[in-house]
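Colleague: Input file: data-v7.cif. Contents: mmCIF, N, CA and C atoms.
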```cif
data_query
loop_
_atom_site.label_atom_id
_atom_site.label_comp_id
_atom_site.auth_asym_id
_atom_site.auth_seq_id
_atom_site.Cartn_x
_atom_site.Cartn_y
_atom_site.Cartn_z
N MET Z 1 -16.66 0.99 -17.12
CA MET Z 1 -16.30 1.52 -15.82
C MET Z 1 -14.80 1.84 -15.83
N SER Z 2 -14.45 2.99 -15.31
CA SER Z 2 -13.05 3.41 -15.33
C SER Z 2 -12.24 2.66 -14.27
N LYS Z 3 -10.95 2.54 -14.56
CA LYS Z 3 -10.06 1.85 -13.65
C LYS Z 3 -9.54 2.80 -12.59
N VAL Z 4 -9.56 2.34 -11.36
CA VAL Z 4 -8.97 3.08 -10.26
C VAL Z 4 -7.46 2.82 -10.31
N PRO Z 5 -6.63 3.85 -10.18
CA PRO Z 5 -5.17 3.64 -10.22
C PRO Z 5 -4.68 2.97 -8.93
N THR Z 6 -4.70 1.65 -8.93
CA THR Z 6 -4.40 0.90 -7.71
C THR Z 6 -2.98 1.11 -7.21
N ALA Z 7 -2.06 1.39 -8.11
CA ALA Z 7 -0.69 1.65 -7.67
C ALA Z 7 -0.66 2.88 -6.77
N ALA Z 8 -1.40 3.91 -7.15
CA ALA Z 8 -1.46 5.13 -6.35
C ALA Z 8 -2.20 4.90 -5.04
N VAL Z 9 -3.26 4.10 -5.08
CA VAL Z 9 -4.02 3.80 -3.85
C VAL Z 9 -3.14 3.04 -2.86
N ALA Z 10 -2.42 2.04 -3.35
CA ALA Z 10 -1.56 1.24 -2.46
C ALA Z 10 -0.44 2.10 -1.86
N ALA Z 11 0.23 2.85 -2.71
CA ALA Z 11 1.32 3.71 -2.21
C ALA Z 11 0.76 4.78 -1.27
N GLY Z 12 -0.37 5.35 -1.65
CA GLY Z 12 -0.98 6.38 -0.81
C GLY Z 12 -1.42 5.84 0.54
N GLY Z 13 -1.88 4.60 0.57
CA GLY Z 13 -2.27 4.00 1.84
C GLY Z 13 -1.09 3.80 2.77
N LEU Z 14 0.02 3.38 2.23
CA LEU Z 14 1.21 3.17 3.06
C LEU Z 14 1.80 4.50 3.54
N VAL Z 15 1.94 5.45 2.63
CA VAL Z 15 2.49 6.76 3.00
C VAL Z 15 1.50 7.52 3.89
N GLY Z 16 0.23 7.53 3.48
CA GLY Z 16 -0.78 8.26 4.24
C GLY Z 16 -1.01 7.68 5.61
N GLY Z 17 -1.03 6.36 5.70
CA GLY Z 17 -1.22 5.73 7.00
C GLY Z 17 -0.10 6.10 7.97
N TYR Z 18 1.13 6.08 7.47
CA TYR Z 18 2.24 6.46 8.33
C TYR Z 18 2.17 7.94 8.70
N ALA Z 19 1.87 8.78 7.72
CA ALA Z 19 1.80 10.22 7.98
C ALA Z 19 0.73 10.54 9.02
N ILE Z 20 -0.42 9.94 8.88
CA ILE Z 20 -1.51 10.19 9.84
C ILE Z 20 -1.10 9.72 11.23
N ALA Z 21 -0.52 8.53 11.32
CA ALA Z 21 -0.10 8.01 12.63
C ALA Z 21 0.96 8.91 13.26
N ARG Z 22 1.87 9.36 12.45
CA ARG Z 22 2.96 10.19 12.99
C ARG Z 22 2.48 11.57 13.42
N TRP Z 23 1.69 12.22 12.58
CA TRP Z 23 1.30 13.61 12.88
C TRP Z 23 0.18 13.73 13.89
N THR Z 24 -0.66 12.72 13.99
CA THR Z 24 -1.72 12.78 15.00
C THR Z 24 -1.28 12.12 16.30
N LYS Z 25 -0.18 11.35 16.24
CA LYS Z 25 0.31 10.57 17.37
C LYS Z 25 -0.73 9.53 17.81
N LYS Z 26 -1.56 9.11 16.88
CA LYS Z 26 -2.56 8.08 17.13
C LYS Z 26 -2.36 6.96 16.10
N ARG Z 27 -1.60 5.96 16.50
CA ARG Z 27 -1.29 4.86 15.58
C ARG Z 27 -2.53 4.16 15.04
N PRO Z 28 -3.57 3.95 15.86
CA PRO Z 28 -4.77 3.30 15.32
C PRO Z 28 -5.42 4.09 14.18
N LEU Z 29 -5.35 5.40 14.24
CA LEU Z 29 -5.91 6.22 13.17
C LEU Z 29 -5.14 6.01 11.87
N GLY Z 30 -3.84 5.90 11.96
CA GLY Z 30 -3.03 5.56 10.79
C GLY Z 30 -3.37 4.19 10.27
N GLY Z 31 -3.64 3.26 11.18
CA GLY Z 31 -4.03 1.91 10.78
C GLY Z 31 -5.35 1.89 10.04
N VAL Z 32 -6.26 2.76 10.44
CA VAL Z 32 -7.55 2.85 9.74
C VAL Z 32 -7.32 3.32 8.30
N ALA Z 33 -6.48 4.32 8.12
CA ALA Z 33 -6.19 4.81 6.77
C ALA Z 33 -5.50 3.74 5.94
N LEU Z 34 -4.55 3.05 6.53
CA LEU Z 34 -3.84 1.96 5.86
C LEU Z 34 -4.82 0.86 5.42
N ALA Z 35 -5.70 0.47 6.33
CA ALA Z 35 -6.67 -0.59 6.04
C ALA Z 35 -7.70 -0.14 5.00
N ALA Z 36 -8.13 1.10 5.08
CA ALA Z 36 -9.12 1.60 4.11
C ALA Z 36 -8.54 1.60 2.70
N ALA Z 37 -7.33 2.10 2.56
CA ALA Z 37 -6.70 2.11 1.24
C ALA Z 37 -6.43 0.68 0.77
N GLY Z 38 -6.02 -0.18 1.67
CA GLY Z 38 -5.79 -1.57 1.31
C GLY Z 38 -7.07 -2.27 0.86
N SER Z 39 -8.17 -1.94 1.49
CA SER Z 39 -9.46 -2.52 1.10
C SER Z 39 -9.89 -2.07 -0.29
N VAL Z 40 -9.74 -0.77 -0.55
CA VAL Z 40 -10.07 -0.25 -1.89
C VAL Z 40 -9.18 -0.89 -2.94
N ALA Z 41 -7.90 -0.95 -2.64
CA ALA Z 41 -6.95 -1.55 -3.59
C ALA Z 41 -7.28 -3.02 -3.83
N ALA Z 42 -7.56 -3.77 -2.77
CA ALA Z 42 -7.86 -5.19 -2.91
C ALA Z 42 -9.12 -5.41 -3.76
N TYR Z 43 -10.12 -4.59 -3.53
CA TYR Z 43 -11.35 -4.69 -4.33
C TYR Z 43 -11.04 -4.46 -5.82
N GLU Z 44 -10.26 -3.43 -6.09
CA GLU Z 44 -9.91 -3.11 -7.47
C GLU Z 44 -8.98 -4.15 -8.08
N TRP Z 45 -8.04 -4.66 -7.30
CA TRP Z 45 -7.16 -5.72 -7.81
C TRP Z 45 -7.99 -6.93 -8.22
N ASN Z 46 -8.97 -7.28 -7.41
CA ASN Z 46 -9.84 -8.40 -7.73
C ASN Z 46 -10.64 -8.11 -9.00
N ARG Z 47 -11.15 -6.91 -9.11
CA ARG Z 47 -11.95 -6.54 -10.28
C ARG Z 47 -11.11 -6.49 -11.55
N GLN Z 48 -9.89 -5.97 -11.43
CA GLN Z 48 -9.06 -5.76 -12.61
C GLN Z 48 -8.23 -6.99 -13.00
N ALA Z 49 -7.80 -7.77 -12.03
CA ALA Z 49 -6.86 -8.87 -12.33
C ALA Z 49 -7.28 -10.22 -11.80
N GLY Z 50 -8.36 -10.29 -11.04
CA GLY Z 50 -8.84 -11.57 -10.54
C GLY Z 50 -8.44 -11.86 -9.11
N PRO Z 51 -9.05 -12.89 -8.54
CA PRO Z 51 -8.83 -13.17 -7.12
C PRO Z 51 -7.42 -13.63 -6.76
N ARG Z 52 -6.77 -14.37 -7.64
CA ARG Z 52 -5.40 -14.82 -7.32
C ARG Z 52 -4.44 -13.63 -7.25
N ALA Z 53 -4.56 -12.74 -8.22
CA ALA Z 53 -3.71 -11.55 -8.21
C ALA Z 53 -4.03 -10.66 -7.02
N ALA Z 54 -5.33 -10.53 -6.70
CA ALA Z 54 -5.73 -9.71 -5.56
C ALA Z 54 -5.16 -10.27 -4.26
N THR Z 55 -5.18 -11.58 -4.11
CA THR Z 55 -4.63 -12.20 -2.92
C THR Z 55 -3.13 -11.97 -2.82
N ALA Z 56 -2.44 -12.15 -3.93
CA ALA Z 56 -0.98 -11.94 -3.94
C ALA Z 56 -0.63 -10.48 -3.64
N LEU Z 57 -1.34 -9.55 -4.26
CA LEU Z 57 -1.04 -8.13 -4.05
C LEU Z 57 -1.43 -7.67 -2.65
N THR Z 58 -2.51 -8.20 -2.11
CA THR Z 58 -2.89 -7.86 -0.74
C THR Z 58 -1.84 -8.38 0.24
N THR Z 59 -1.36 -9.58 0.00
CA THR Z 59 -0.29 -10.14 0.83
C THR Z 59 0.96 -9.26 0.73
N ALA Z 60 1.28 -8.82 -0.47
CA ALA Z 60 2.45 -7.95 -0.66
C ALA Z 60 2.26 -6.61 0.06
N TYR Z 61 1.05 -6.08 0.04
CA TYR Z 61 0.73 -4.81 0.71
C TYR Z 61 0.96 -4.94 2.22
N VAL Z 62 0.44 -6.02 2.79
CA VAL Z 62 0.62 -6.25 4.23
C VAL Z 62 2.09 -6.49 4.55
N ALA Z 63 2.77 -7.24 3.69
CA ALA Z 63 4.20 -7.49 3.89
C ALA Z 63 5.01 -6.19 3.78
N ALA Z 64 4.60 -5.31 2.90
CA ALA Z 64 5.28 -4.02 2.78
C ALA Z 64 5.14 -3.22 4.07
N PHE Z 65 3.93 -3.21 4.62
CA PHE Z 65 3.71 -2.52 5.89
C PHE Z 65 4.59 -3.12 6.99
N ALA Z 66 4.57 -4.44 7.10
CA ALA Z 66 5.36 -5.10 8.13
C ALA Z 66 6.86 -4.91 7.89
N GLY Z 67 7.27 -4.97 6.63
CA GLY Z 67 8.69 -4.82 6.30
C GLY Z 67 9.23 -3.43 6.50
N SER Z 68 8.34 -2.44 6.51
CA SER Z 68 8.81 -1.07 6.70
C SER Z 68 9.39 -0.85 8.10
N HIS Z 69 8.93 -1.63 9.06
CA HIS Z 69 9.40 -1.44 10.43
C HIS Z 69 10.88 -1.81 10.61
N PRO Z 70 11.31 -3.01 10.22
CA PRO Z 70 12.75 -3.29 10.36
C PRO Z 70 13.60 -2.47 9.38
N LEU Z 71 13.03 -2.16 8.22
CA LEU Z 71 13.77 -1.35 7.27
C LEU Z 71 14.01 0.06 7.80
N ALA Z 72 13.06 0.57 8.59
CA ALA Z 72 13.21 1.91 9.18
C ALA Z 72 14.40 1.99 10.12
N LYS Z 73 14.77 0.88 10.73
CA LYS Z 73 15.94 0.88 11.62
C LYS Z 73 17.24 1.05 10.84
N LYS Z 74 17.21 0.68 9.57
CA LYS Z 74 18.41 0.80 8.73
C LYS Z 74 18.44 2.10 7.93
N LEU Z 75 17.26 2.51 7.41
CA LEU Z 75 17.20 3.67 6.52
C LEU Z 75 16.64 4.93 7.15
N GLY Z 76 15.86 4.77 8.20
CA GLY Z 76 15.09 5.87 8.76
C GLY Z 76 13.63 5.66 8.37
N ALA Z 77 12.73 6.31 9.10
CA ALA Z 77 11.30 6.05 8.93
C ALA Z 77 10.78 6.44 7.55
N TRP Z 78 10.94 7.69 7.15
CA TRP Z 78 10.39 8.13 5.88
C TRP Z 78 11.01 7.41 4.69
N PRO Z 79 12.33 7.25 4.63
CA PRO Z 79 12.88 6.49 3.50
C PRO Z 79 12.35 5.06 3.42
N ALA Z 80 12.15 4.43 4.57
CA ALA Z 80 11.61 3.07 4.58
C ALA Z 80 10.18 3.06 4.05
N VAL Z 81 9.37 4.02 4.49
CA VAL Z 81 7.97 4.09 4.02
C VAL Z 81 7.93 4.33 2.52
N PHE Z 82 8.74 5.25 2.03
CA PHE Z 82 8.74 5.52 0.59
C PHE Z 82 9.25 4.32 -0.21
N THR Z 83 10.21 3.59 0.34
CA THR Z 83 10.73 2.40 -0.34
C THR Z 83 9.66 1.33 -0.48
N VAL Z 84 8.98 1.02 0.62
CA VAL Z 84 7.96 -0.04 0.54
C VAL Z 84 6.74 0.43 -0.26
N ALA Z 85 6.42 1.72 -0.19
CA ALA Z 85 5.29 2.24 -0.97
C ALA Z 85 5.60 2.14 -2.46
N GLY Z 86 6.82 2.47 -2.84
CA GLY Z 86 7.22 2.35 -4.24
C GLY Z 86 7.22 0.92 -4.72
N THR Z 87 7.65 0.01 -3.85
CA THR Z 87 7.65 -1.41 -4.21
C THR Z 87 6.22 -1.93 -4.38
N ALA Z 88 5.34 -1.57 -3.47
CA ALA Z 88 3.94 -2.00 -3.57
C ALA Z 88 3.28 -1.41 -4.81
N ALA Z 89 3.57 -0.15 -5.10
CA ALA Z 89 3.01 0.50 -6.29
C ALA Z 89 3.51 -0.17 -7.57
N ALA Z 90 4.79 -0.48 -7.61
CA ALA Z 90 5.35 -1.13 -8.80
C ALA Z 90 4.73 -2.51 -9.02
N ALA Z 91 4.56 -3.27 -7.95
CA ALA Z 91 3.93 -4.59 -8.07
C ALA Z 91 2.50 -4.45 -8.55
N SER Z 92 1.77 -3.51 -7.99
CA SER Z 92 0.39 -3.28 -8.40
C SER Z 92 0.31 -2.89 -9.86
N TRP Z 93 1.15 -1.98 -10.26
CA TRP Z 93 1.15 -1.53 -11.66
C TRP Z 93 1.47 -2.69 -12.61
N ALA Z 94 2.48 -3.47 -12.25
CA ALA Z 94 2.89 -4.58 -13.13
C ALA Z 94 1.78 -5.61 -13.29
N VAL Z 95 1.10 -5.94 -12.23
CA VAL Z 95 0.06 -6.96 -12.30
C VAL Z 95 -1.20 -6.43 -13.00
N THR Z 96 -1.64 -5.24 -12.64
CA THR Z 96 -2.88 -4.72 -13.23
C THR Z 96 -2.66 -4.27 -14.67
N ARG Z 97 -1.46 -3.89 -15.03
CA ARG Z 97 -1.15 -3.50 -16.41
C ARG Z 97 -1.32 -4.69 -17.34
N ARG Z 98 -0.88 -5.85 -16.91
CA ARG Z 98 -1.00 -7.06 -17.72
C ARG Z 98 -2.45 -7.48 -17.88
N ALA Z 99 -3.24 -7.22 -16.86
CA ALA Z 99 -4.65 -7.65 -16.88
C ALA Z 99 -5.50 -6.74 -17.76
N ALA Z 100 -4.98 -5.58 -18.10
CA ALA Z 100 -5.79 -4.61 -18.86
C ALA Z 100 -5.99 -4.99 -20.28
#
```
If you took the structure in this file and wrote it as structure tokens, what would it be?

Modeller:
Amino acid sequence: MSKVPTAAVAAGGLVGGYAIARWTKKRPLGGVALAAAGSVAAYEWNRQAGPRAATALTTAYVAAFAGSHPLAKKLGAWPAVFTVAGTAAAASWAVTRRAA
């Protein structure tokens, strides 16, 4: 079975969730996209690296989302989203790369 690129899914969920919320002006719709990508990523993290890694990465994903809000006050919205998305992607890549 082929590996899903979880780094891209995690980053895409954070960036896509924000983009959808901003452009539709419906925050819950962005939350659905964020949660959907997070669910796919968590499933794959569990499959590729095990439950402990999946739990840690899922926690990091949620923390990235939460951390983007105060960071946006310092950097601006898009730079904050790209920063946390890159951080989540890097963590995902580092953990799943070792498990491969």

Colleague: Rounded to one decimal in Å, what is the spacing between atom C of Z:Ala88 and atom N of Z:Ala60?

Modeller: 8.8 Å

Colleague: Determine, for each residue of stretch 38-66 of chain Z having at least one atom at most 8 Å from an atom of stretch 79-87 of chain Z, the closest pair of atoms and their separation in Å to one decimal, counting all atoms listed in the file; order by chain and ascending number, as CSV.

Modeller:
```
residue,atom,partner,partner_atom,distance
Z:Ala60,C,Z:Thr87,C,7.6
Z:Tyr61,N,Z:Thr87,C,8.0
Z:Ala63,C,Z:Val84,CA,7.6
Z:Ala64,CA,Z:Val84,CA,5.3
Z:Phe65,N,Z:Val84,CA,6.6
```

Colleague: Please indicate the distance in Å from atom C of Z:Thr58 to atom C of Z:Lys26, rounded to one decimal place.

Modeller: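 We find that atom C of Z:Thr58 and atom C of Z:Lys26 lie 22.1 Å from each other.
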
Colleague: Go through the shown structure with the PyMOL selection byres ((chain Z and resi 45-51) around 7) and write out the matching residues as a ChimeraX atom specification.

Modeller: /Z:6,40-44,52-56,95-96,99-100

Colleague: Rounded to one decimal in Å, what is the spacing between atom CA of Z:Gly30 and atom CA of Z:Val15?

Modeller: 9.6 Å

Colleague: Taking the file as I've supplied it (selection: the PyMOL selection byres (((chain Z and resi 16-22 and name CA) around 9) and name CA)), which residues are included? Please answer as a PyMOL selection string.

Modeller: chain Z and resi 11-15+23-35+37+78+81

Colleague: Choose the residue, out of Z:Ala66, Z:Ala72, Z:Ala77, Z:Leu57, that has the smallest atom-to-atom separation from Z:Ala7; count only C-alpha atoms.

Modeller: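 Using only C-alpha atoms, Z:Ala7 sits closest to Z:Leu57.
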